[in-house]
>>> print(open('data.cif').read())   # mmCIF, C-alpha atoms
data_input
#
loop_
_atom_site.label_atom_id
_atom_site.label_comp_id
_atom_site.auth_asym_id
_atom_site.auth_seq_id
_atom_site.Cartn_x
_atom_site.Cartn_y
_atom_site.Cartn_z
CA MET A 27 39.02 9.28 7.49
CA ALA A 28 35.58 8.07 8.59
CA ALA A 29 33.17 6.59 6.01
CA THR A 30 29.66 5.20 6.33
CA PRO A 31 28.75 1.88 4.69
CA ILE A 32 25.21 3.05 3.96
CA LYS A 33 26.39 5.71 1.49
CA PRO A 34 28.42 3.43 -0.83
CA LEU A 35 25.61 0.91 -0.57
CA MET A 36 23.09 3.46 -1.81
CA LEU A 37 25.47 4.52 -4.60
CA LEU A 38 25.95 0.87 -5.49
CA ALA A 39 22.18 0.38 -5.74
CA ILE A 40 21.73 3.45 -7.91
CA ALA A 41 24.66 2.55 -10.15
CA PHE A 42 23.08 -0.84 -10.65
CA LEU A 43 19.96 0.90 -12.04
CA ALA A 44 21.44 3.64 -14.20
CA SER A 45 24.27 6.05 -14.85
CA VAL A 46 23.40 8.74 -12.39
CA CYS A 47 23.36 12.46 -11.93
CA VAL A 48 21.88 12.81 -8.46
CA SER A 49 20.31 15.87 -6.88
CA SER A 50 17.55 16.28 -4.31
CA ARG A 51 14.18 18.03 -4.31
CA SER A 52 12.34 19.67 -1.43
CA ASP A 53 8.80 18.79 -0.33
CA GLN A 54 7.30 21.56 -2.50
CA GLU A 55 8.99 20.24 -5.65
CA ASN A 56 8.48 16.58 -4.75
CA PRO A 57 5.58 15.16 -6.83
CA PHE A 58 5.50 11.92 -4.84
CA ILE A 59 4.38 13.45 -1.52
CA PHE A 60 0.84 14.67 -0.80
CA LYS A 61 0.79 16.51 2.50
CA SER A 62 -2.32 16.20 4.65
CA ASN A 63 -3.53 19.68 3.61
CA ARG A 64 -4.11 18.34 0.09
CA PHE A 65 -7.27 16.60 1.33
CA GLN A 66 -10.49 18.43 0.48
CA THR A 67 -13.21 18.41 3.15
CA LEU A 68 -16.48 17.08 1.72
CA TYR A 69 -18.45 17.05 5.01
CA GLU A 70 -17.60 18.26 8.48
CA ASN A 71 -19.46 18.92 11.71
CA GLU A 72 -18.99 18.36 15.43
CA ASN A 73 -19.43 14.60 14.90
CA GLY A 74 -16.71 14.06 12.31
CA HIS A 75 -15.67 14.62 8.71
CA ILE A 76 -15.18 13.06 5.28
CA ARG A 77 -12.16 14.18 3.25
CA LEU A 78 -11.01 13.42 -0.31
CA LEU A 79 -7.40 13.61 -1.53
CA GLN A 80 -6.70 15.61 -4.67
CA LYS A 81 -6.41 13.65 -7.92
CA PHE A 82 -3.07 11.92 -8.28
CA ASP A 83 -2.66 12.66 -11.99
CA LYS A 84 -3.05 16.41 -11.39
CA ARG A 85 0.28 16.41 -9.57
CA SER A 86 2.50 14.71 -12.14
CA LYS A 87 2.27 13.02 -15.52
CA ILE A 88 3.85 9.93 -13.97
CA PHE A 89 0.54 9.24 -12.18
CA GLU A 90 -1.58 9.01 -15.34
CA ASN A 91 -2.33 5.36 -14.54
CA LEU A 92 -3.80 6.48 -11.19
CA GLN A 93 -6.42 8.83 -12.68
CA ASN A 94 -9.23 6.42 -11.69
CA TYR A 95 -8.09 5.95 -8.07
CA ARG A 96 -9.06 8.28 -5.24
CA LEU A 97 -8.33 8.24 -1.49
CA LEU A 98 -11.05 9.00 1.07
CA GLU A 99 -10.60 9.51 4.81
CA TYR A 100 -13.40 9.22 7.39
CA LYS A 101 -13.24 10.33 11.00
CA SER A 102 -16.05 10.27 13.56
CA LYS A 103 -16.38 10.77 17.29
CA PRO A 104 -17.61 8.10 19.75
CA ARG A 105 -21.19 6.88 19.33
CA THR A 106 -21.83 8.46 15.94
CA LEU A 107 -23.21 7.13 12.65
CA PHE A 108 -22.56 7.77 8.97
CA LEU A 109 -26.06 7.54 7.53
CA PRO A 110 -26.95 5.09 4.69
CA GLN A 111 -25.65 5.91 1.23
CA TYR A 112 -24.06 4.29 -1.79
CA THR A 113 -21.40 5.45 -4.24
CA ASP A 114 -20.69 4.71 -7.91
CA ALA A 115 -17.26 3.33 -7.02
CA ASP A 116 -15.66 0.18 -5.66
CA PHE A 117 -14.25 0.67 -2.16
CA ILE A 118 -11.46 -1.00 -0.21
CA LEU A 119 -12.04 0.08 3.39
CA VAL A 120 -9.38 -0.16 6.11
CA VAL A 121 -9.94 0.71 9.79
CA LEU A 122 -6.99 2.77 11.02
CA SER A 123 -8.13 3.12 14.65
CA GLY A 124 -11.21 2.75 16.79
CA LYS A 125 -14.10 0.27 16.75
CA ALA A 126 -16.84 0.27 14.12
CA THR A 127 -19.99 -1.57 13.15
CA LEU A 128 -20.43 -1.71 9.38
CA THR A 129 -23.81 -2.74 7.97
CA VAL A 130 -24.03 -3.77 4.31
CA LEU A 131 -27.43 -4.04 2.62
CA LYS A 132 -28.51 -6.31 -0.22
CA SER A 133 -31.90 -6.75 -1.87
CA ASN A 134 -32.88 -9.67 0.35
CA ASP A 135 -30.22 -9.68 3.02
CA ARG A 136 -28.30 -7.58 5.53
CA ASN A 137 -24.88 -8.24 7.03
CA SER A 138 -23.28 -6.42 9.95
CA PHE A 139 -19.63 -6.61 10.95
CA ASN A 140 -17.80 -5.41 14.05
CA LEU A 141 -14.51 -3.94 12.86
CA GLU A 142 -11.29 -2.99 14.64
CA ARG A 143 -7.86 -1.70 13.67
CA GLY A 144 -6.49 -3.46 10.60
CA ASP A 145 -9.84 -4.87 9.49
CA THR A 146 -10.30 -4.55 5.73
CA ILE A 147 -13.29 -5.16 3.45
CA LYS A 148 -14.26 -4.55 -0.16
CA LEU A 149 -17.56 -2.77 -0.86
CA PRO A 150 -18.62 -3.16 -4.51
CA ALA A 151 -19.96 -0.11 -6.34
CA GLY A 152 -23.60 0.60 -5.57
CA THR A 153 -23.55 -1.12 -2.17
CA ILE A 154 -25.74 0.65 0.40
CA ALA A 155 -23.93 0.75 3.74
CA TYR A 156 -23.79 2.66 7.01
CA LEU A 157 -20.99 2.87 9.53
CA ALA A 158 -21.19 3.41 13.31
CA ASN A 159 -18.46 4.28 15.79
CA ARG A 160 -19.43 1.90 18.61
CA ASP A 161 -16.73 2.99 21.05
CA ASP A 162 -17.51 5.22 24.04
CA ASN A 163 -14.16 7.03 24.06
CA GLU A 164 -12.03 6.60 20.92
CA ASP A 165 -12.45 8.34 17.57
CA LEU A 166 -12.99 6.12 14.53
CA ARG A 167 -10.61 6.60 11.60
CA VAL A 168 -11.18 4.84 8.29
CA LEU A 169 -9.28 4.96 5.00
CA ASP A 170 -10.88 4.09 1.64
CA LEU A 171 -9.28 3.47 -1.73
CA THR A 172 -12.03 4.16 -4.27
CA ILE A 173 -12.26 3.13 -7.94
CA PRO A 174 -15.12 4.98 -9.71
CA VAL A 175 -17.07 3.02 -12.34
CA ASN A 176 -18.72 5.86 -14.30
CA LYS A 177 -16.34 8.79 -14.84
CA PRO A 178 -12.60 8.28 -14.24
CA GLY A 179 -11.53 9.86 -10.97
CA GLN A 180 -14.99 11.23 -10.14
CA LEU A 181 -17.34 9.60 -7.65
CA GLN A 182 -20.92 10.39 -6.74
CA SER A 183 -22.76 9.49 -3.55
CA PHE A 184 -26.50 8.95 -3.26
CA LEU A 185 -28.23 9.36 0.10
CA LEU A 186 -31.28 7.42 1.22
CA SER A 187 -32.19 10.26 3.59
CA GLY A 188 -31.98 13.68 1.98
CA THR A 189 -30.53 17.02 3.00
CA GLN A 190 -31.13 20.54 1.75
CA ASN A 191 -27.89 20.46 -0.27
CA GLN A 192 -28.18 16.84 -1.41
CA PRO A 193 -31.77 15.55 -1.53
CA SER A 194 -32.73 11.92 -1.10
CA LEU A 195 -32.30 9.90 -4.26
CA LEU A 196 -36.04 9.13 -4.04
CA SER A 197 -36.94 12.80 -4.38
CA GLY A 198 -35.62 12.76 -7.92
CA PHE A 199 -38.63 10.75 -9.11
CA SER A 200 -41.92 12.35 -10.11
CA LYS A 201 -44.91 12.29 -7.76
CA ASN A 202 -46.76 9.84 -10.02
CA ILE A 203 -43.90 7.35 -10.02
CA LEU A 204 -43.50 7.56 -6.24
CA GLU A 205 -47.23 7.12 -5.59
CA ALA A 206 -47.35 4.10 -7.88
CA ALA A 207 -44.14 2.60 -6.47
CA PHE A 208 -45.21 2.90 -2.81
CA ASN A 209 -48.95 2.54 -3.48
CA THR A 210 -49.88 5.58 -1.37
CA ASN A 211 -50.36 9.31 -1.77
CA TYR A 212 -47.41 11.66 -2.19
CA GLU A 213 -48.07 13.58 1.02
CA GLU A 214 -47.53 10.41 3.06
CA ILE A 215 -44.34 9.61 1.13
CA GLU A 216 -43.02 13.12 1.64
CA LYS A 217 -43.82 13.05 5.34
CA VAL A 218 -42.18 9.65 5.97
CA LEU A 219 -39.26 9.41 3.53
CA LEU A 220 -38.40 12.79 2.05
CA GLU A 221 -36.91 15.90 3.56
CA GLN A 222 -39.16 18.52 5.11
CA GLN A 223 -38.70 22.04 3.77
CA GLU A 224 -37.78 24.56 6.44
CA GLN A 225 -39.78 27.77 6.70
CA GLU A 226 -37.66 30.64 5.46
CA PRO A 227 -36.22 32.73 8.29
CA GLN A 228 -36.10 36.49 8.10
CA HIS A 229 -32.47 36.80 7.07
CA ARG A 230 -30.94 35.05 4.07
CA ARG A 231 -27.71 34.44 5.89
CA SER A 232 -29.45 32.53 8.65
CA LEU A 233 -31.21 30.46 5.98
CA LYS A 234 -27.85 29.58 4.47
CA ASP A 235 -26.46 28.74 7.89
CA ARG A 236 -29.51 26.60 8.67
CA ARG A 237 -29.19 24.67 5.42
CA GLN A 238 -25.51 24.07 6.10
CA GLU A 239 -26.41 22.89 9.61
CA ILE A 240 -29.02 20.49 8.20
CA ASN A 241 -26.55 19.21 5.62
CA GLU A 242 -23.93 18.52 8.28
CA GLU A 243 -26.29 16.97 10.78
CA ASN A 244 -27.80 14.57 8.25
CA VAL A 245 -24.48 13.06 7.15
CA ILE A 246 -22.87 12.18 10.50
CA VAL A 247 -25.23 11.99 13.46
CA LYS A 248 -25.03 11.26 17.18
CA VAL A 249 -26.62 8.01 18.38
CA SER A 250 -27.43 6.61 21.81
CA ARG A 251 -25.65 3.75 23.52
CA GLU A 252 -28.81 1.65 23.20
CA GLN A 253 -28.90 2.23 19.44
CA ILE A 254 -25.24 1.26 19.14
CA GLU A 255 -25.87 -1.93 21.09
CA GLU A 256 -28.78 -2.82 18.83
CA LEU A 257 -26.68 -2.25 15.70
CA SER A 258 -23.72 -4.30 16.93
CA LYS A 259 -25.32 -7.15 18.90
CA ASN A 260 -25.74 -9.48 15.89
CA ALA A 261 -22.68 -8.28 13.99
CA LYS A 262 -19.94 -10.70 13.00
CA SER A 263 -16.29 -10.10 13.75
CA SER A 264 -13.52 -10.25 11.17
CA SER A 265 -11.63 -13.50 10.81
CA LYS A 266 -8.38 -13.46 12.76
CA LYS A 267 -7.28 -16.79 11.27
CA SER A 268 -8.14 -16.49 7.58
CA VAL A 269 -7.66 -13.79 4.96
CA SER A 270 -9.58 -15.61 2.22
CA SER A 271 -13.10 -14.36 3.05
CA GLU A 272 -15.23 -13.91 -0.09
CA SER A 273 -17.31 -11.01 1.22
CA GLY A 274 -16.63 -10.46 4.94
CA PRO A 275 -13.83 -8.43 6.50
CA PHE A 276 -10.30 -9.73 6.96
CA ASN A 277 -7.52 -8.38 9.13
CA LEU A 278 -4.16 -7.24 7.75
CA ARG A 279 -2.44 -8.74 10.79
CA SER A 280 -4.24 -12.09 10.71
CA ARG A 281 -1.10 -13.83 9.46
CA ASN A 282 2.56 -13.58 10.35
CA PRO A 283 4.39 -10.64 8.76
CA ILE A 284 6.17 -11.37 5.49
CA TYR A 285 9.22 -9.44 6.77
CA SER A 286 10.04 -9.02 10.43
CA ASN A 287 12.86 -8.33 12.87
CA LYS A 288 13.42 -6.16 15.94
CA PHE A 289 13.40 -3.02 13.78
CA GLY A 290 10.05 -3.48 12.04
CA LYS A 291 7.23 -5.63 10.69
CA PHE A 292 5.69 -5.80 7.22
CA PHE A 293 2.18 -7.31 6.83
CA GLU A 294 0.67 -7.80 3.38
CA ILE A 295 -2.45 -9.37 1.85
CA THR A 296 -2.24 -10.06 -1.89
CA PRO A 297 -4.93 -11.02 -4.44
CA GLU A 298 -3.56 -14.56 -4.42
CA LYS A 299 -4.53 -14.81 -0.75
CA ASN A 300 -7.84 -12.95 -0.85
CA GLN A 301 -10.65 -13.27 -3.37
CA GLN A 302 -12.00 -9.76 -2.71
CA LEU A 303 -8.78 -8.23 -4.02
CA GLN A 304 -8.48 -10.35 -7.16
CA ASP A 305 -10.77 -8.53 -9.58
CA LEU A 306 -9.34 -5.15 -8.50
CA ASP A 307 -5.73 -6.43 -8.81
CA ILE A 308 -4.73 -4.66 -5.59
CA PHE A 309 -2.71 -5.67 -2.53
CA VAL A 310 -3.01 -4.05 0.91
CA ASN A 311 -0.19 -3.82 3.43
CA SER A 312 0.57 -2.45 6.89
CA VAL A 313 4.14 -1.56 7.85
CA ASP A 314 5.48 -0.88 11.35
CA ILE A 315 8.92 0.75 11.62
CA LYS A 316 10.44 1.24 15.06
CA GLU A 317 11.85 4.60 16.11
CA GLY A 318 15.38 5.01 14.78
CA SER A 319 14.95 2.21 12.24
CA LEU A 320 15.02 2.02 8.46
CA LEU A 321 13.04 0.13 5.83
CA LEU A 322 15.93 -0.85 3.57
CA PRO A 323 16.02 0.39 -0.06
CA ASN A 324 13.67 -1.61 -2.28
CA TYR A 325 11.44 -1.27 -5.33
CA ASN A 326 8.33 -2.94 -6.75
CA SER A 327 8.56 -4.49 -10.19
CA ARG A 328 4.95 -3.75 -11.32
CA ALA A 329 2.94 -2.26 -8.48
CA ILE A 330 2.27 1.44 -7.93
CA VAL A 331 1.86 1.83 -4.16
CA ILE A 332 -0.25 4.55 -2.50
CA VAL A 333 0.95 4.89 1.11
CA THR A 334 -0.71 6.77 3.99
CA VAL A 335 1.07 7.68 7.23
CA THR A 336 -1.31 6.72 10.04
CA GLU A 337 0.98 7.15 13.05
CA GLY A 338 4.41 8.56 13.80
CA LYS A 339 6.95 10.66 11.92
CA GLY A 340 9.86 9.95 9.63
CA ASP A 341 11.56 10.64 6.33
CA PHE A 342 11.41 8.95 2.99
CA GLU A 343 13.81 8.99 0.07
CA LEU A 344 12.75 7.95 -3.42
CA VAL A 345 14.99 7.64 -6.47
CA GLY A 346 13.40 8.68 -9.74
CA GLN A 347 14.23 10.53 -12.93
CA ARG A 348 14.51 14.25 -13.35
CA ASN A 349 11.47 16.35 -14.30
CA GLU A 350 8.99 13.86 -12.86
CA ASN A 351 7.37 16.81 -11.11
CA GLN A 352 6.16 18.18 -14.45
CA GLY A 353 2.36 18.22 -14.78
CA LYS A 354 2.26 18.01 -18.58
CA GLU A 355 4.65 17.09 -21.34
CA ASN A 356 5.74 19.65 -23.88
CA ASP A 357 7.85 19.71 -27.02
CA LYS A 358 10.97 20.80 -25.16
CA GLU A 359 10.67 17.86 -22.77
CA GLU A 360 10.29 15.48 -25.69
CA GLU A 361 13.45 16.86 -27.24
CA GLN A 362 15.28 16.29 -23.97
CA GLU A 363 13.79 12.84 -23.35
CA GLU A 364 16.94 10.96 -24.29
CA GLU A 365 19.09 13.19 -22.06
CA THR A 366 16.84 13.15 -19.00
CA SER A 367 16.30 9.39 -19.17
CA LYS A 368 19.95 9.03 -18.18
CA GLN A 369 19.63 11.23 -15.12
CA VAL A 370 18.60 10.02 -11.70
CA GLN A 371 17.28 12.31 -8.99
CA LEU A 372 16.73 11.92 -5.27
CA TYR A 373 13.31 13.00 -3.94
CA ARG A 374 12.93 13.28 -0.18
CA ALA A 375 10.26 14.47 2.25
CA LYS A 376 9.36 14.62 5.92
CA LEU A 377 6.48 12.34 6.90
CA SER A 378 3.74 13.17 9.42
CA PRO A 379 0.36 11.58 10.26
CA GLY A 380 -2.12 12.11 7.43
CA ASP A 381 0.52 12.50 4.72
CA VAL A 382 0.28 10.36 1.59
CA PHE A 383 3.09 9.38 -0.75
CA VAL A 384 3.14 7.38 -3.98
CA ILE A 385 5.82 4.88 -4.99
CA PRO A 386 5.74 4.23 -8.76
CA ALA A 387 6.83 0.86 -10.08
CA GLY A 388 10.58 0.55 -10.46
CA HIS A 389 11.34 3.51 -8.18
CA PRO A 390 13.62 2.56 -5.24
CA VAL A 391 12.50 3.88 -1.86
CA ALA A 392 13.82 3.87 1.73
CA ILE A 393 11.90 5.01 4.83
CA ASN A 394 13.46 6.21 8.08
CA ALA A 395 11.35 6.40 11.27
CA SER A 396 12.10 9.25 13.67
CA SER A 397 9.33 7.90 15.93
CA ASP A 398 7.36 4.65 15.84
CA LEU A 399 5.86 4.76 12.35
CA ASN A 400 2.83 2.95 10.89
CA LEU A 401 1.99 2.99 7.18
CA ILE A 402 -0.97 1.63 5.23
CA GLY A 403 -0.39 0.92 1.54
CA PHE A 404 -2.55 0.03 -1.47
CA GLY A 405 -0.66 -1.59 -4.34
CA ILE A 406 -2.11 -1.13 -7.85
CA ASN A 407 -1.14 -3.78 -10.48
CA ALA A 408 -0.50 -6.36 -7.77
CA GLU A 409 -0.50 -9.49 -9.94
CA ASN A 410 3.01 -10.87 -10.53
CA ASN A 411 4.57 -7.96 -8.62
CA GLU A 412 7.92 -8.64 -6.98
CA ARG A 413 9.54 -6.53 -4.28
CA ASN A 414 13.31 -6.37 -4.78
CA PHE A 415 15.58 -5.25 -1.95
CA LEU A 416 18.82 -3.46 -2.81
CA ALA A 417 20.43 -3.97 0.61
CA GLY A 418 20.29 -6.46 3.44
CA GLU A 419 21.51 -9.95 4.17
CA GLU A 420 18.50 -11.80 2.70
CA ASP A 421 16.62 -11.27 -0.57
CA ASN A 422 19.17 -8.74 -1.76
CA VAL A 423 18.89 -8.71 -5.54
CA ILE A 424 22.36 -7.21 -6.02
CA SER A 425 23.94 -10.21 -4.33
CA GLN A 426 22.53 -12.37 -7.13
CA VAL A 427 24.70 -10.69 -9.75
CA GLU A 428 27.33 -13.15 -10.95
CA ARG A 429 31.03 -12.50 -10.31
CA PRO A 430 32.09 -11.66 -13.91
CA VAL A 431 29.21 -9.17 -14.24
CA LYS A 432 30.12 -7.55 -10.90
CA GLU A 433 33.62 -7.00 -12.25
CA LEU A 434 32.17 -5.21 -15.29
CA ALA A 435 29.30 -3.32 -13.64
CA PHE A 436 30.89 -1.78 -10.54
CA PRO A 437 34.03 0.24 -9.85
CA GLY A 438 35.17 -2.19 -7.17
CA SER A 439 36.21 -5.80 -7.67
CA SER A 440 33.66 -8.57 -7.17
CA HIS A 441 35.39 -9.43 -3.90
CA GLU A 442 35.01 -5.82 -2.68
CA VAL A 443 31.36 -5.76 -3.74
CA ASP A 444 30.62 -9.00 -1.87
CA ARG A 445 32.44 -7.77 1.23
CA LEU A 446 30.46 -4.49 1.17
CA LEU A 447 27.13 -6.28 0.79
CA LYS A 448 27.92 -8.51 3.78
CA ASN A 449 28.45 -5.50 6.06
CA GLN A 450 24.68 -5.35 6.62
CA LYS A 451 23.69 -8.24 8.88
CA GLN A 452 19.98 -7.32 8.99
CA SER A 453 17.31 -7.95 6.36
CA TYR A 454 14.37 -5.72 5.30
CA PHE A 455 14.64 -3.43 8.36
CA ALA A 456 17.82 -2.15 10.01
CA ASN A 457 19.24 0.47 12.36
CA ALA A 458 18.94 3.85 10.65
CA GLN A 459 22.26 5.04 12.14
CA PRO A 460 25.08 3.76 9.92
CA LEU A 461 28.11 2.15 11.52
CA GLN A 462 31.19 4.40 11.51
CA ARG A 463 34.38 2.78 10.29
CA GLU A 464 37.98 3.92 9.79
#
>>> encode(input="data.cif", output="structure tokens")
Amino acid sequence: MAATPIKPLMLLAIAFLASVCVSSRSDQENPFIFKSNRFQTLYENENGHIRLLQKFDKRSKIFENLQNYRLLEYKSKPRTLFLPQYTDADFILVVLSGKATLTVLKSNDRNSFNLERGDTIKLPAGTIAYLANRDDNEDLRVLDLTIPVNKPGQLQSFLLSGTQNQPSLLSGFSKNILEAAFNTNYEEIEKVLLEQQEQEPQHRRSLKDRRQEINEENVIVKVSREQIEELSKNAKSSSKKSVSSESGPFNLRSRNPIYSNKFGKFFEITPEKNQQLQDLDIFVNSVDIKEGSLLLPNYNSRAIVIVTVTEGKGDFELVGQRNENQGKENDKEEEQEEETSKQVQLYRAKLSPGDVFVIPAGHPVAINASSDLNLIGFGINAENNERNFLAGEEDNVISQVERPVKELAFPGSSHEVDRLLKNQKQSYFANAQPLQRE
């Protein structure tokens, strides 16, 4: 009778965590997966878009600690510009693909950076910045983890140049204040800095369409090659050798991967290695999994990891407790708390580009790549986090269990447990097709 080593290994890992009652949930009932259609479009025109993922804590009560974290996605076509604005939130920006020039403004200074895939930078709340796609052919894709500073989970943007739907922040002041601040008459200020009111067309619908057109055009605009060259000519590039920059960009792949073999690579920058990440207590990682390969089962001790699929397709399996898909607690759940805490459930989902999934602390996860897969992850509560693998030749936490405890904890003898653990000759990543044995 044929048996697969991967199955008893998974059962061994789960038994090590709890007494289990395992069942699986589909994508619709899986609270840990956010399909790409759960992004809300904030702006969109022929030049690109800005999209915001739904609030994490609206999906499941287990994400209550993520209520002040939001995920933004930017996409723009070649030779376009996101106009200057600032937001009441801290940003961690990661370039997923393309080439960008990011300009960051301060009261008495201006810094520009040429960014490429993997480049990462923190933008503190209130920082005025603008972003250009400097490539002639490739779209620019950027991912932002945002941490609002005013209202939990809600961020507000303020534009220097106004639109019909969102006026310039300057237009909020009275005429007297503006005339005194700029030491000139209001008509000149309105002509130079503020939006010009359009004459009302004959039909209301065309007025609405025109305002929408203005709104779109004034957020992401087309720029000439000469303008791009002027913006990027004095820009600095990210450091390919150091990840300890205090304010400039750093690249996720600037150092050797922390885990690597022929099946995959795992790059990670932690707060201990980068000052920009320290006050936010966040790590950032990039994971490559080859087609037909598997990221072996593992869990994080403290970190909650928000993962975005940037390229490729695959499957993920996450082990949690039952009823974690509930949005709110109720009295019946509280009565059943003791019972459900003993039950373990398998959550699984198909992964495609643009999908997001969340790995809570202490929840084992395994990821299988059906095509070459790239993932970008943000780890919340990064300080003192440890990643524990439940399978593999190296860094396998189960192999550290002493012999007498193995005899008591598992159905098999300690010798059988050790022999089973040694079946896997790879570490961290392995072939996703289990070896068939008699």
>>> residues_around(input="data.cif", residues="Arg445 (chain A)", least_positions_apart="4", cutoff="12 Å", atoms="all atoms listed in the file", output="list in words")
Pro31, Leu35, Glu419, Ser425, Gly438, Ser439, Ser440, His441, Asn449, Gln450 and Lys451 of chain A
>>> resolve_selection(input="data.cif", expression="the PyMOL selection byres ((chain A and resi 422) around 12)", output="number ranges by chain")
A: 35, 39, 322-325, 413-421, 423-427, 444, 447-448, 450-454
>>> closest_atom_pairs(input="data.cif", of="region 102-133 of chain A", to="region 388-402 of chain A", cutoff="12 Å", atoms="all atoms listed in the file", output="tab-separated table")
residue	atom	partner	partner_atom	distance
A:Leu119	CA	A:Ile402	CA	11.3
A:Val120	CA	A:Ile402	CA	8.6
A:Val121	CA	A:Ile402	CA	10.1
A:Leu122	CA	A:Ile402	CA	8.4
A:Ser123	CA	A:Asn400	CA	11.6
>>> closest_residue(input="data.cif", among="A:Val370, A:Ile118, A:Leu68, A:Val382", to="Pro275 (chain A)", atoms="all atoms listed in the file")
A:Ile118
>>> atom_distance(input="data.cif", atom1="CA of Ile76 (chain A)", atom2="CA of Ala158 (chain A)")
13.9 Å
>>> atom_distance(input="data.cif", atom1="CA of Lys262 (chain A)", atom2="CA of Glu99 (chain A)")
23.7 Å
>>> atom_distance(input="data.cif", atom1="CA of Ser187 (chain A)", atom2="CA of Glu164 (chain A)")
26.8 Å
>>> residues_around(input="data.cif", residues="Val168 (chain A)", least_positions_apart="6", cutoff="12 Å", atoms="all atoms listed in the file", output="PyMOL selection string")
chain A and resi 74-77+97-103+108+117-128+141-147+157-159+334+336+380+402
>>> resolve_selection(input="data.cif", expression="the PyMOL selection byres ((chain A and resi 343) around 12)", output="PyMOL selection string")
chain A and resi 36+49-53+56+58-59+320-325+340-342+344-346+371-377+383-385+389-395
>>> write_last_selection(input="data.cif", atoms="C-alpha atoms", output="short mmCIF file (atom, residue, chain, number, x, y, z; two decimals), in the frame of the given file")
data_model
loop_
_atom_site.label_atom_id
_atom_site.label_comp_id
_atom_site.auth_asym_id
_atom_site.auth_seq_id
_atom_site.Cartn_x
_atom_site.Cartn_y
_atom_site.Cartn_z
CA MET A 36 23.09 3.46 -1.81
CA SER A 49 20.31 15.87 -6.88
CA SER A 50 17.55 16.28 -4.31
CA ARG A 51 14.18 18.03 -4.31
CA SER A 52 12.34 19.67 -1.43
CA ASP A 53 8.80 18.79 -0.33
CA ASN A 56 8.48 16.58 -4.75
CA PHE A 58 5.50 11.92 -4.84
CA ILE A 59 4.38 13.45 -1.52
CA LEU A 320 15.02 2.02 8.46
CA LEU A 321 13.04 0.13 5.83
CA LEU A 322 15.93 -0.85 3.57
CA PRO A 323 16.02 0.39 -0.06
CA ASN A 324 13.67 -1.61 -2.28
CA TYR A 325 11.44 -1.27 -5.33
CA GLY A 340 9.86 9.95 9.63
CA ASP A 341 11.56 10.64 6.33
CA PHE A 342 11.41 8.95 2.99
CA LEU A 344 12.75 7.95 -3.42
CA VAL A 345 14.99 7.64 -6.47
CA GLY A 346 13.40 8.68 -9.74
CA GLN A 371 17.28 12.31 -8.99
CA LEU A 372 16.73 11.92 -5.27
CA TYR A 373 13.31 13.00 -3.94
CA ARG A 374 12.93 13.28 -0.18
CA ALA A 375 10.26 14.47 2.25
CA LYS A 376 9.36 14.62 5.92
CA LEU A 377 6.48 12.34 6.90
CA PHE A 383 3.09 9.38 -0.75
CA VAL A 384 3.14 7.38 -3.98
CA ILE A 385 5.82 4.88 -4.99
CA HIS A 389 11.34 3.51 -8.18
CA PRO A 390 13.62 2.56 -5.24
CA VAL A 391 12.50 3.88 -1.86
CA ALA A 392 13.82 3.87 1.73
CA ILE A 393 11.90 5.01 4.83
CA ASN A 394 13.46 6.21 8.08
CA ALA A 395 11.35 6.40 11.27
#
>>> resolve_selection(input="data.cif", expression="the PyMOL selection byres ((chain A and resi 284) around 12)", output="PyMOL selection string")
chain A and resi 278-283+285-287+290-296+311-313+413+453-455
>>> residues_near_point(input="data.cif", point="(-15.3, -9.2, 2.9)", cutoff="8 Å", atoms="all atoms listed in the file", output="ChimeraX atom specification")
/A:146-149,271-276,302
>>> write_last_selection(input="data.cif", atoms="C-alpha atoms", output="mmCIF file, in the coordinates of the input")
data_model
loop_
_atom_site.group_PDB
_atom_site.id
_atom_site.type_symbol
_atom_site.label_atom_id
_atom_site.label_comp_id
_atom_site.auth_asym_id
_atom_site.auth_seq_id
_atom_site.Cartn_x
_atom_site.Cartn_y
_atom_site.Cartn_z
ATOM 1 C CA THR A 146 -10.300 -4.550 5.730
ATOM 2 C CA ILE A 147 -13.290 -5.160 3.450
ATOM 3 C CA LYS A 148 -14.260 -4.550 -0.160
ATOM 4 C CA LEU A 149 -17.560 -2.770 -0.860
ATOM 5 C CA SER A 271 -13.100 -14.360 3.050
ATOM 6 C CA GLU A 272 -15.230 -13.910 -0.090
ATOM 7 C CA SER A 273 -17.310 -11.010 1.220
ATOM 8 C CA GLY A 274 -16.630 -10.460 4.940
ATOM 9 C CA PRO A 275 -13.830 -8.430 6.500
ATOM 10 C CA PHE A 276 -10.300 -9.730 6.960
ATOM 11 C CA GLN A 302 -12.000 -9.760 -2.710
#
